[in-house]
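Colleague: Input structure: coords03.tsv, which contains TSV, C-alpha atoms and all ligand atoms.
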```
chain	number	residue	atom	x	y	z
G	54	MET	CA	-2.29	-12.02	-29.03
G	55	THR	CA	-0.67	-8.58	-29.39
G	56	ARG	CA	1.06	-8.37	-26.06
G	57	SER	CA	2.29	-10.75	-23.40
G	58	VAL	CA	2.77	-9.82	-19.75
G	59	ARG	CA	4.39	-11.96	-17.08
G	60	ILE	CA	2.94	-11.77	-13.56
G	61	CYS	CA	4.25	-13.55	-10.48
G	62	LEU	CA	1.40	-14.49	-8.11
G	63	LEU	CA	2.07	-14.95	-4.40
G	64	PRO	CA	-1.21	-16.16	-2.84
G	65	GLY	CA	0.37	-16.72	0.60
G	66	ASP	CA	-1.67	-17.74	3.63
G	67	GLY	CA	-5.12	-17.46	5.26
G	68	ILE	CA	-7.60	-15.73	2.92
G	69	GLY	CA	-4.71	-15.07	0.47
G	70	PRO	CA	-5.46	-17.93	-1.95
G	71	GLU	CA	-9.22	-17.12	-1.87
G	72	ILE	CA	-8.82	-13.47	-2.86
G	73	MET	CA	-6.04	-14.29	-5.34
G	74	ARG	CA	-8.45	-16.54	-7.28
G	75	GLU	CA	-10.70	-13.51	-7.79
G	76	ALA	CA	-7.73	-11.47	-9.04
G	77	VAL	CA	-6.95	-14.20	-11.57
G	78	LYS	CA	-10.58	-14.10	-12.79
G	79	VAL	CA	-10.26	-10.36	-13.38
G	80	LEU	CA	-6.93	-10.79	-15.18
G	81	ARG	CA	-8.44	-13.38	-17.53
G	82	ALA	CA	-11.41	-11.12	-18.32
G	83	VAL	CA	-9.24	-8.03	-18.88
G	84	GLY	CA	-6.79	-10.07	-20.96
G	85	GLU	CA	-9.55	-11.13	-23.32
G	86	ARG	CA	-11.00	-7.65	-23.68
G	87	TRP	CA	-7.68	-5.81	-24.16
G	88	ASP	CA	-5.99	-8.59	-26.10
G	89	VAL	CA	-3.21	-9.08	-23.55
G	90	GLY	CA	-1.84	-12.50	-22.67
G	91	PHE	CA	-1.22	-12.71	-18.93
G	92	GLU	CA	1.40	-15.36	-18.23
G	93	LEU	CA	0.76	-16.20	-14.58
G	94	SER	CA	3.28	-18.05	-12.43
G	95	GLU	CA	2.50	-18.93	-8.84
G	96	ALA	CA	5.24	-18.97	-6.19
G	97	LEU	CA	5.53	-19.56	-2.43
G	98	LEU	CA	5.89	-16.81	0.16
G	99	GLY	CA	5.27	-16.63	3.92
G	100	GLY	CA	3.88	-19.48	6.04
G	101	ILE	CA	3.15	-21.83	3.18
G	102	ALA	CA	6.73	-21.34	1.94
G	103	ILE	CA	8.05	-22.22	5.42
G	104	ASP	CA	5.93	-25.40	5.45
G	105	GLU	CA	7.00	-26.51	2.00
G	106	THR	CA	10.63	-25.37	1.83
G	107	GLY	CA	11.71	-24.28	5.31
G	108	SER	CA	12.25	-20.69	4.12
G	109	PRO	CA	9.70	-17.82	4.08
G	110	LEU	CA	11.30	-16.51	0.86
G	111	PRO	CA	12.64	-19.39	-1.25
G	112	ALA	CA	15.24	-18.55	-3.91
G	113	GLU	CA	12.87	-19.72	-6.68
G	114	THR	CA	10.25	-17.20	-5.55
G	115	LEU	CA	12.75	-14.38	-5.77
G	116	ALA	CA	13.87	-15.53	-9.22
G	117	GLU	CA	10.22	-15.70	-10.42
G	118	ALA	CA	9.54	-12.23	-9.00
G	119	ARG	CA	12.60	-10.69	-10.65
G	120	ALA	CA	11.74	-12.23	-14.01
G	121	ALA	CA	8.14	-10.93	-13.92
G	122	ASP	CA	6.73	-7.60	-15.15
G	123	ALA	CA	4.91	-7.26	-11.81
G	124	VAL	CA	4.29	-9.18	-8.60
G	125	LEU	CA	0.83	-9.61	-7.08
G	126	LEU	CA	0.82	-10.58	-3.41
G	127	ALA	CA	-2.33	-11.49	-1.45
G	128	ALA	CA	-1.38	-11.84	2.26
G	129	ILE	CA	0.90	-13.87	4.47
G	130	GLY	CA	1.06	-15.02	8.09
G	131	GLY	CA	-1.13	-16.67	10.69
G	132	PRO	CA	-1.11	-18.10	14.23
G	133	LYS	CA	0.35	-21.39	12.99
G	134	TRP	CA	3.71	-19.67	12.39
G	135	ASP	CA	3.68	-17.25	15.33
G	136	THR	CA	6.85	-17.72	17.34
G	137	THR	CA	9.10	-15.68	19.58
G	138	ASP	CA	12.01	-18.03	18.97
G	139	PRO	CA	14.47	-15.95	16.90
G	140	ALA	CA	15.95	-19.15	15.45
G	141	LYS	CA	12.63	-20.08	13.79
G	142	PRO	CA	11.60	-18.61	10.40
G	143	ARG	CA	8.63	-16.21	10.38
G	144	PRO	CA	6.29	-15.39	7.47
G	145	GLU	CA	6.96	-11.61	7.79
G	146	GLN	CA	10.62	-12.21	6.96
G	147	GLY	CA	9.42	-13.26	3.52
G	148	LEU	CA	7.57	-10.00	3.02
G	149	LEU	CA	10.36	-7.72	4.29
G	150	GLY	CA	12.87	-9.81	2.36
G	151	ILE	CA	11.13	-9.52	-1.00
G	152	ARG	CA	10.63	-5.74	-0.57
G	153	LYS	CA	14.35	-5.35	0.19
G	154	GLU	CA	15.55	-7.67	-2.58
G	155	LEU	CA	13.41	-5.88	-5.19
G	156	GLY	CA	14.63	-2.46	-3.94
G	157	LEU	CA	11.07	-1.18	-3.41
G	158	TYR	CA	11.69	2.32	-2.03
G	159	ALA	CA	8.29	3.90	-2.73
G	160	ASN	CA	5.05	2.76	-1.15
G	161	LEU	CA	1.86	4.13	-2.70
G	162	ARG	CA	-1.43	3.90	-0.85
G	163	PRO	CA	-4.54	5.41	-2.37
G	164	VAL	CA	-7.29	6.45	0.01
G	165	ARG	CA	-10.56	6.87	-1.79
G	166	ILE	CA	-14.08	6.94	-0.46
G	167	PHE	CA	-16.62	4.90	-2.36
G	168	PRO	CA	-19.78	6.97	-1.76
G	169	PRO	CA	-22.02	4.00	-0.83
G	170	LEU	CA	-19.53	3.07	1.93
G	171	ARG	CA	-19.36	6.54	3.51
G	172	GLY	CA	-21.25	5.28	6.54
G	173	ALA	CA	-18.37	2.92	7.41
G	174	SER	CA	-16.08	5.82	8.32
G	175	SER	CA	-15.83	7.19	11.84
G	176	LEU	CA	-15.92	10.73	10.37
G	177	LYS	CA	-19.12	12.55	9.49
G	178	PRO	CA	-20.14	11.91	5.86
G	179	GLU	CA	-19.83	15.70	5.07
G	180	ALA	CA	-16.15	15.63	6.07
G	181	LEU	CA	-15.51	12.89	3.52
G	182	GLU	CA	-16.91	14.75	0.51
G	183	GLY	CA	-14.31	14.60	-2.30
G	184	VAL	CA	-11.69	12.51	-0.46
G	185	ASP	CA	-9.35	10.92	-3.01
G	186	MET	CA	-5.70	10.95	-2.04
G	187	LEU	CA	-2.51	9.06	-2.67
G	188	ILE	CA	0.10	8.69	0.06
G	189	VAL	CA	3.65	8.18	-1.17
G	190	ARG	CA	5.80	6.84	1.65
G	191	GLU	CA	9.58	6.42	1.47
G	192	LEU	CA	10.11	2.75	2.33
G	193	THR	CA	13.81	1.91	2.56
G	194	GLY	CA	15.41	4.83	4.44
G	195	GLY	CA	14.83	7.22	7.32
G	196	LEU	CA	14.29	6.37	10.96
G	197	TYR	CA	13.62	2.66	10.35
G	198	PHE	CA	16.95	2.09	8.62
G	199	GLY	CA	19.35	4.55	10.32
G	200	GLU	CA	22.04	3.67	12.81
G	201	ARG	CA	20.62	2.39	16.09
G	202	GLY	CA	22.01	1.06	19.30
G	203	ARG	CA	21.84	0.48	23.01
G	204	GLU	CA	24.15	0.98	25.90
G	205	ALA	CA	23.64	-1.10	28.98
G	206	ASP	CA	24.83	1.57	31.38
G	207	SER	CA	25.24	5.11	30.14
G	208	PRO	CA	26.48	7.92	32.36
G	209	GLY	CA	23.65	10.44	32.64
G	210	ALA	CA	25.54	13.29	34.25
G	211	ALA	CA	24.46	15.75	31.55
G	212	THR	CA	20.79	15.35	32.43
G	213	GLY	CA	21.37	14.80	36.10
G	214	GLY	CA	19.53	11.52	35.73
G	215	GLY	CA	22.32	9.25	36.85
G	216	ALA	CA	23.48	6.16	35.02
G	217	GLY	CA	20.95	4.01	33.20
G	218	ARG	CA	20.17	2.21	29.97
G	219	ARG	CA	20.28	4.21	26.76
G	220	ALA	CA	18.88	3.55	23.27
G	221	TYR	CA	18.96	5.59	20.06
G	222	ASP	CA	17.72	5.53	16.45
G	223	THR	CA	18.91	7.83	13.70
G	224	LEU	CA	16.84	9.61	11.07
G	225	ASP	CA	19.24	9.58	8.17
G	226	TYR	CA	18.58	10.52	4.54
G	227	ARG	CA	20.81	10.94	1.53
G	228	GLU	CA	20.00	13.32	-1.28
G	229	TYR	CA	19.42	10.56	-3.87
G	230	GLU	CA	16.89	8.84	-1.60
G	231	ILE	CA	14.86	12.03	-1.25
G	232	GLU	CA	15.18	12.91	-4.90
G	233	ARG	CA	13.87	9.59	-6.23
G	234	ILE	CA	10.86	9.47	-3.88
G	235	ALA	CA	10.09	13.11	-4.69
G	236	ARG	CA	10.12	12.29	-8.41
G	237	THR	CA	7.75	9.37	-7.85
G	238	ALA	CA	5.39	11.73	-6.01
G	239	PHE	CA	5.59	14.59	-8.56
G	240	GLU	CA	4.96	12.13	-11.41
G	241	ALA	CA	1.91	10.81	-9.57
G	242	ALA	CA	0.63	14.33	-8.86
G	243	ALA	CA	1.14	15.38	-12.48
G	244	GLY	CA	-1.11	12.48	-13.53
G	245	ARG	CA	-3.77	13.39	-10.94
G	246	ARG	CA	-5.03	16.78	-9.74
G	247	GLY	CA	-1.57	18.40	-9.71
G	248	ARG	CA	-1.26	19.07	-5.98
G	249	LEU	CA	1.55	17.71	-3.80
G	250	HIS	CA	1.92	18.04	-0.03
G	251	SER	CA	5.47	17.34	1.13
G	252	VAL	CA	5.28	16.43	4.81
G	253	ASP	CA	8.25	16.99	7.13
G	254	LYS	CA	9.32	18.40	10.49
G	255	ALA	CA	11.68	21.06	9.12
G	256	ASN	CA	11.20	23.35	12.14
G	257	VAL	CA	13.10	20.80	14.25
G	258	LEU	CA	14.87	18.12	12.21
G	259	GLU	CA	17.96	18.65	10.03
G	260	SER	CA	17.01	15.63	7.89
G	261	SER	CA	13.68	17.38	7.20
G	262	ARG	CA	15.47	20.58	6.14
G	263	LEU	CA	17.45	18.57	3.56
G	264	TRP	CA	14.18	16.82	2.57
G	265	ARG	CA	12.54	20.21	1.94
G	266	GLU	CA	15.54	21.57	-0.03
G	267	VAL	CA	15.71	18.54	-2.33
G	268	VAL	CA	11.93	18.39	-2.87
G	269	HIS	CA	12.00	22.06	-3.96
G	270	GLU	CA	14.88	21.36	-6.36
G	271	VAL	CA	12.93	18.51	-7.95
G	272	ALA	CA	9.83	20.76	-8.12
G	273	ARG	CA	11.53	22.88	-10.82
G	274	ASP	CA	11.05	19.97	-13.23
G	275	TYR	CA	7.30	19.91	-12.52
G	276	PRO	CA	6.01	23.47	-12.98
G	277	GLY	CA	2.46	22.16	-13.40
G	278	VAL	CA	2.35	20.71	-9.89
G	279	GLU	CA	1.51	22.92	-6.91
G	280	LEU	CA	3.89	22.08	-4.03
G	281	ILE	CA	2.82	22.66	-0.42
G	282	ASP	CA	5.16	22.06	2.55
G	283	GLN	CA	3.32	20.89	5.63
G	284	LEU	CA	4.61	19.92	9.08
G	285	VAL	CA	3.81	16.36	10.10
G	286	ASP	CA	1.90	17.30	13.26
G	287	ASN	CA	-0.30	19.68	11.28
G	288	THR	CA	-0.84	16.97	8.64
G	289	ALA	CA	-2.04	14.51	11.29
G	290	MET	CA	-4.61	17.11	12.29
G	291	GLN	CA	-5.61	18.16	8.73
G	292	LEU	CA	-6.23	14.52	7.78
G	293	VAL	CA	-9.21	14.35	10.10
G	294	ARG	CA	-10.19	18.03	9.84
G	295	GLN	CA	-10.35	18.46	6.07
G	296	PRO	CA	-9.07	15.34	4.28
G	297	ALA	CA	-10.32	16.45	0.84
G	298	GLN	CA	-7.49	19.07	0.63
G	299	PHE	CA	-4.99	16.29	-0.17
G	300	ASP	CA	-4.26	14.99	-3.64
G	301	VAL	CA	-0.77	13.43	-3.32
G	302	MET	CA	1.26	13.43	-0.11
G	303	VAL	CA	4.96	12.46	0.08
G	304	THR	CA	6.84	11.78	3.28
G	305	GLU	CA	9.57	10.04	5.24
G	306	ASN	CA	9.30	6.35	6.19
G	307	MET	CA	8.01	6.57	9.78
G	308	PHE	CA	5.84	9.67	9.22
G	309	GLY	CA	4.33	7.78	6.27
G	310	ASP	CA	3.78	4.64	8.30
G	311	ILE	CA	1.73	6.55	10.85
G	312	LEU	CA	-0.09	8.94	8.50
G	313	SER	CA	-1.06	6.21	6.02
G	314	ASP	CA	-2.70	4.18	8.79
G	315	GLU	CA	-4.52	7.28	10.00
G	316	ALA	CA	-5.67	8.10	6.46
G	317	SER	CA	-6.71	4.54	5.69
G	318	MET	CA	-9.21	4.66	8.53
G	319	LEU	CA	-11.05	7.50	6.75
G	320	THR	CA	-12.52	4.73	4.60
G	321	GLY	CA	-13.44	2.71	7.69
G	322	SER	CA	-12.77	-0.55	5.92
G	323	LEU	CA	-9.60	-2.61	5.70
G	324	GLY	CA	-11.08	-4.73	2.93
G	325	MET	CA	-11.00	-1.77	0.46
G	326	LEU	CA	-7.36	-0.62	0.65
G	327	ALA	CA	-4.75	-1.43	-1.95
G	328	SER	CA	-1.07	-0.61	-2.13
G	329	ALA	CA	1.84	-0.58	-4.53
G	330	SER	CA	5.53	-0.76	-3.73
G	331	LEU	CA	7.74	0.56	-6.50
G	332	GLY	CA	11.47	0.58	-7.10
G	333	ASP	CA	13.70	0.57	-10.15
G	334	GLY	CA	12.81	-3.00	-11.11
G	335	THR	CA	9.74	-5.18	-10.68
G	336	ALA	CA	7.00	-3.59	-8.58
G	337	LEU	CA	4.82	-5.37	-6.02
G	338	TYR	CA	1.07	-4.89	-5.50
G	339	GLU	CA	-0.85	-6.05	-2.44
G	340	PRO	CA	-3.90	-5.29	-0.33
G	341	SER	CA	-3.14	-3.40	2.90
G	342	HIS	CA	-4.88	-5.98	5.09
G	343	GLY	CA	-3.41	-9.20	6.44
G	344	SER	CA	-4.31	-12.87	6.00
G	345	ALA	CA	-7.44	-12.67	8.22
G	346	PRO	CA	-6.99	-16.15	9.73
G	347	ASP	CA	-10.29	-15.70	11.64
G	348	ILE	CA	-12.29	-15.96	8.40
G	349	ALA	CA	-9.95	-18.04	6.21
G	350	GLY	CA	-11.71	-20.86	4.39
G	351	LEU	CA	-15.20	-19.49	5.04
G	352	GLY	CA	-15.62	-17.87	1.61
G	353	VAL	CA	-16.59	-14.50	3.12
G	354	ALA	CA	-13.38	-12.47	2.62
G	355	ASN	CA	-13.73	-9.21	0.72
G	356	PRO	CA	-11.68	-9.51	-2.50
G	357	LEU	CA	-11.96	-5.80	-3.42
G	358	ALA	CA	-8.65	-4.61	-1.88
G	359	MET	CA	-6.98	-7.35	-3.91
G	360	LEU	CA	-8.81	-6.23	-7.08
G	361	LEU	CA	-7.90	-2.59	-6.37
G	362	SER	CA	-4.27	-3.76	-6.16
G	363	VAL	CA	-4.69	-5.25	-9.63
G	364	GLU	CA	-6.03	-1.86	-10.75
G	365	MET	CA	-2.85	-0.19	-9.43
G	366	MET	CA	-0.73	-2.75	-11.28
G	367	PHE	CA	-2.50	-1.93	-14.56
G	368	ARG	CA	-1.80	1.75	-13.95
G	369	HIS	CA	1.74	1.79	-12.57
G	370	SER	CA	3.49	-1.26	-14.09
G	371	LEU	CA	1.61	-2.31	-17.19
G	372	GLY	CA	0.71	1.00	-18.84
G	373	MET	CA	-2.97	0.03	-19.01
G	374	PRO	CA	-4.80	3.09	-17.59
G	375	GLU	CA	-7.99	2.29	-19.51
G	376	ALA	CA	-8.17	-1.19	-18.01
G	377	ALA	CA	-7.49	0.36	-14.59
G	378	ASP	CA	-10.34	2.87	-15.01
G	379	THR	CA	-12.67	0.16	-16.24
G	380	LEU	CA	-11.87	-2.07	-13.26
G	381	SER	CA	-12.34	0.69	-10.67
G	382	GLY	CA	-15.59	1.66	-12.43
G	383	ALA	CA	-16.79	-1.95	-12.24
G	384	ILE	CA	-16.00	-2.08	-8.52
G	385	ALA	CA	-17.79	1.22	-7.89
G	386	ARG	CA	-20.88	0.03	-9.82
G	387	THR	CA	-20.98	-3.25	-7.89
G	388	LEU	CA	-21.07	-1.24	-4.66
G	389	ASP	CA	-23.60	1.24	-6.11
G	390	ASP	CA	-25.82	-1.70	-6.97
G	391	GLY	CA	-25.85	-2.54	-3.26
G	392	TYR	CA	-23.70	-5.69	-3.09
G	393	ARG	CA	-21.63	-6.10	0.09
G	394	THR	CA	-19.33	-8.62	1.67
G	395	ARG	CA	-19.82	-9.02	5.40
G	396	ASP	CA	-17.04	-6.59	6.41
G	397	ILE	CA	-18.57	-3.65	4.50
G	398	ALA	CA	-22.22	-4.39	5.29
G	399	ASP	CA	-24.16	-2.38	7.88
G	400	GLU	CA	-27.63	-2.38	9.39
G	401	THR	CA	-29.08	-0.86	6.20
G	402	THR	CA	-27.76	-3.69	3.97
G	403	ASP	CA	-30.48	-5.84	2.44
G	404	PRO	CA	-29.58	-9.45	3.49
G	405	ALA	CA	-30.23	-10.53	-0.10
G	406	MET	CA	-27.32	-8.31	-1.22
G	407	LEU	CA	-24.85	-9.94	1.16
G	408	VAL	CA	-22.35	-11.92	-0.96
G	409	GLY	CA	-19.26	-14.08	-0.50
G	410	THR	CA	-15.77	-13.82	-2.00
G	411	VAL	CA	-16.48	-15.70	-5.23
G	412	GLU	CA	-19.79	-13.96	-5.91
G	413	MET	CA	-18.25	-10.52	-5.35
G	414	GLY	CA	-15.53	-11.40	-7.87
G	415	ASP	CA	-18.14	-12.58	-10.38
G	416	LEU	CA	-20.19	-9.37	-9.94
G	417	VAL	CA	-17.15	-7.20	-10.70
G	418	VAL	CA	-16.15	-9.31	-13.71
G	419	ALA	CA	-19.70	-9.06	-15.06
G	420	ARG	CA	-19.42	-5.24	-14.96
G	421	LEU	CA	-16.02	-4.99	-16.70
D	1	LIG	P1	-5.80	-8.69	9.32
D	1	LIG	O1	-5.73	-7.53	8.41
D	1	LIG	O2	-5.48	-10.01	8.74
D	1	LIG	O3	-7.25	-8.77	9.99
D	1	LIG	C1	-7.82	-7.77	10.81
D	1	LIG	C2	-9.34	-7.90	10.81
D	1	LIG	O4	-9.85	-7.49	9.55
D	1	LIG	C3	-9.82	-9.35	10.98
D	1	LIG	O5	-11.00	-9.35	11.73
D	1	LIG	C4	-10.10	-9.82	9.59
D	1	LIG	O6	-11.09	-10.82	9.50
D	1	LIG	C5	-10.53	-8.53	8.90
D	1	LIG	N1	-10.16	-8.52	7.48
D	1	LIG	C6	-8.93	-8.29	6.95
D	1	LIG	N2	-8.96	-8.38	5.62
D	1	LIG	C7	-10.24	-8.65	5.29
D	1	LIG	C8	-10.91	-8.88	4.06
D	1	LIG	N3	-10.27	-8.83	2.88
D	1	LIG	N4	-12.23	-9.14	4.09
D	1	LIG	C9	-12.90	-9.20	5.25
D	1	LIG	N5	-12.33	-9.00	6.44
D	1	LIG	C10	-11.01	-8.74	6.46
D	1	LIG	O7	-4.81	-8.34	10.53
D	1	LIG	P2	-4.38	-9.26	11.78
D	1	LIG	O8	-5.54	-10.08	12.24
D	1	LIG	O9	-3.72	-8.34	12.70
D	1	LIG	O10	-3.26	-10.22	11.21
D	1	LIG	C11	-3.52	-11.55	10.75
D	1	LIG	C12	-2.25	-12.12	10.15
D	1	LIG	O11	-1.92	-11.38	8.97
D	1	LIG	C13	-1.04	-12.03	11.07
D	1	LIG	O12	-0.30	-13.23	10.94
D	1	LIG	C14	-0.26	-10.84	10.52
D	1	LIG	O13	1.11	-10.97	10.77
D	1	LIG	C15	-0.56	-10.96	9.05
D	1	LIG	N6	-0.44	-9.68	8.30
D	1	LIG	C16	0.03	-9.78	7.04
D	1	LIG	C17	0.11	-8.65	6.24
D	1	LIG	C18	0.57	-8.81	4.83
D	1	LIG	O14	0.55	-9.91	4.30
D	1	LIG	N7	0.97	-7.75	4.16
D	1	LIG	C19	-0.30	-7.40	6.74
D	1	LIG	C20	-0.82	-7.32	8.04
D	1	LIG	C21	-0.88	-8.49	8.82
```
Let me see the structure of the file written as structure tokens.
Ligand code: NAD
Modeller:
Amino acid sequence: MTRSVRICLLPGDGIGPEIMREAVKVLRAVGERWDVGFELSEALLGGIAIDETGSPLPAETLAEARAADAVLLAAIGGPKWDTTDPAKPRPEQGLLGIRKELGLYANLRPVRIFPPLRGASSLKPEALEGVDMLIVRELTGGLYFGERGREADSPGAATGGGAGRRAYDTLDYREYEIERIARTAFEAAAGRRGRLHSVDKANVLESSRLWREVVHEVARDYPGVELIDQLVDNTAMQLVRQPAQFDVMVTENMFGDILSDEASMLTGSLGMLASASLGDGTALYEPSHGSAPDIAGLGVANPLAMLLSVEMMFRHSLGMPEAADTLSGAIARTLDDGYRTRDIADETTDPAMLVGTVEMGDLVVARL
């Protein structure tokens, strides 16, 4: 074996373990073909971790994740652990906790249309021609992490509104936070079609004016990348008007939260969306969907978002772009051949081509 790679697997809850098994199948097949030894260690996160240890993010899980070359997460959560009691642990604390502990400041979400699935989108098929974008969202700063507060009774003389409750959140960015996310985005654009939209609200917000300044300073190091500034309200509109104009988009935490959900719906299917969260250490890869408790255990979950997360891991953490291309090609061919899980089937799907989780995984592996 020429190379050994350590991967921490977090199957989690609901359909998590089912789709993770398909990811492991792909890893074994790729390992054989590319002569890479994948050392896989499984750890607890989310609801199952609460059941077995009392904590949604046990210390051993964090240690395993830190020691690995990459972390693959399936999904966590479910009605069993839903609680409004703040004293009780919740599965989501495990997810937020591991992102924070690993310092994952950049969230990458590719939005790509697989031509056979064009009908699943709410947009007209013509509008989707050529859509292939990557959204780079800042994940540990901005409006979600700035100073916030409440005042029970605030004098409102200035507005003439009288006294009343007051709440505020602060959109706060430091230069280094903007610089590192900008570099992540420029690097990504340089490896793609060389076009970067930096999305801000510089006509109103001071934090956006600093964002724009720093992004332009970083741009000097990437003369091959075309940089376009775009206001966030315009971007929201352009995403549904002419989505193919975007190659890579980089933006602040909350803008990215909203725009990435908008963009993901261009594909029309939650079961096809992968994501990567990168920092300075171990990166984490996961599908964008949740644990789908409504179909857990039925063997019908779509494993492709999980497999596309594996593809991102090959590309961004393991330096295996050929394996990544091969895997995405295998997924595309499986869809071209007409195979569908329930969530991506429509009235034109031949019932004989309707497959379950395990079969979909086998079909992809057979095409690798
Ligand atoms: P969800 O994404 O789990 O499910 C939404 C709908 O999409 C469901 O009908 C589900 O069956 C379907 N779906 C999702 N993934 C699918 C797949 N791979 N194949 C086929 N169908 C799929 O969102 P939800 O129902 O709002 O949340 C369920 C649980 O997941 C909650 O406990 C929530 O907190 C958790 N959640 C976890 C994550 C995560 O682990 N990152 C993200 C979102 C939600």
Colleague: Return as AutoDock Vina command-line options the box centre and box size in Å, one decimal, for an axis-aligned box around all listed atoms of ligand LIG 1 (chain D) padded by 3 Å per side.
Modeller:
```
--center_x -5.9 --center_y -10.3 --center_z 7.8 --size_x 20.0 --size_y 11.9 --size_z 15.8
```
Colleague: List all protein, DNA and RNA residues that have any atom at most 7 Å from ligand LIG 1 (chain D), counting all atoms listed in the file, and write the list as a ChimeraX atom specification.
Modeller: /G:127-132,145,323-324,341-348,353-356,358,395-396
Colleague: One number please: atom CA of Asp66 of chain G to atom CA of Leu97 of chain G, in Å, one decimal.
Modeller: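 We find that atom CA of Asp66 of chain G and atom CA of Leu97 of chain G lie 9.6 Å from each other.
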Colleague: Would you mind telling me which residue in G:Leu161, G:Leu280, G:Leu337, G:Ile103 lies nearest to Gly247 of chain G when using all atoms listed in the file?
Modeller: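 Counting all atoms listed in the file, the residue closest to Gly247 of chain G is G:Leu280.
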Colleague: Rounded to one decimal place, report the atom CA of Glu95 of chain G-atom CA of Asp310 of chain G distance in Å.
Modeller: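 Spanning atom CA of Glu95 of chain G to atom CA of Asp310 of chain G is a straight-line distance of 29.2 Å.
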Colleague: Give me, please, the distance in Å between atom CA of Glu92 of chain G and atom CA of Ala121 of chain G, quoted to one decimal.
Modeller: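 For atom CA of Glu92 of chain G relative to atom CA of Ala121 of chain G, the distance reads 9.1 Å.
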Colleague: For each of G:Thr106, G:Thr55, G:Thr335, G:Asn256, take the minimum atom-to-atom distance to Gly84 of chain G, counting all atoms listed in the file, then give the residue where this is smallest.
Modeller: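 Comparing G:Thr106, G:Thr55, G:Thr335, G:Asn256 against Gly84 of chain G, the winner is G:Thr55.
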Colleague: Between G:Pro139, G:Pro163, G:Pro144, G:Gly391, which residue has the minimum interatomic distance to Pro404 of chain G, considering all atoms listed in the file?
Modeller: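 The shortest atom-to-atom distance to Pro404 of chain G comes from G:Gly391.
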Colleague: Please determine, counting only C-alpha atoms, which residue among G:Leu380, G:Ala102, G:Ala349, G:Leu80 has the shortest atom-to-atom distance to Leu148 of chain G.
Modeller: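 Looking at the shortest contact to Leu148 of chain G, the residue is G:Ala102.
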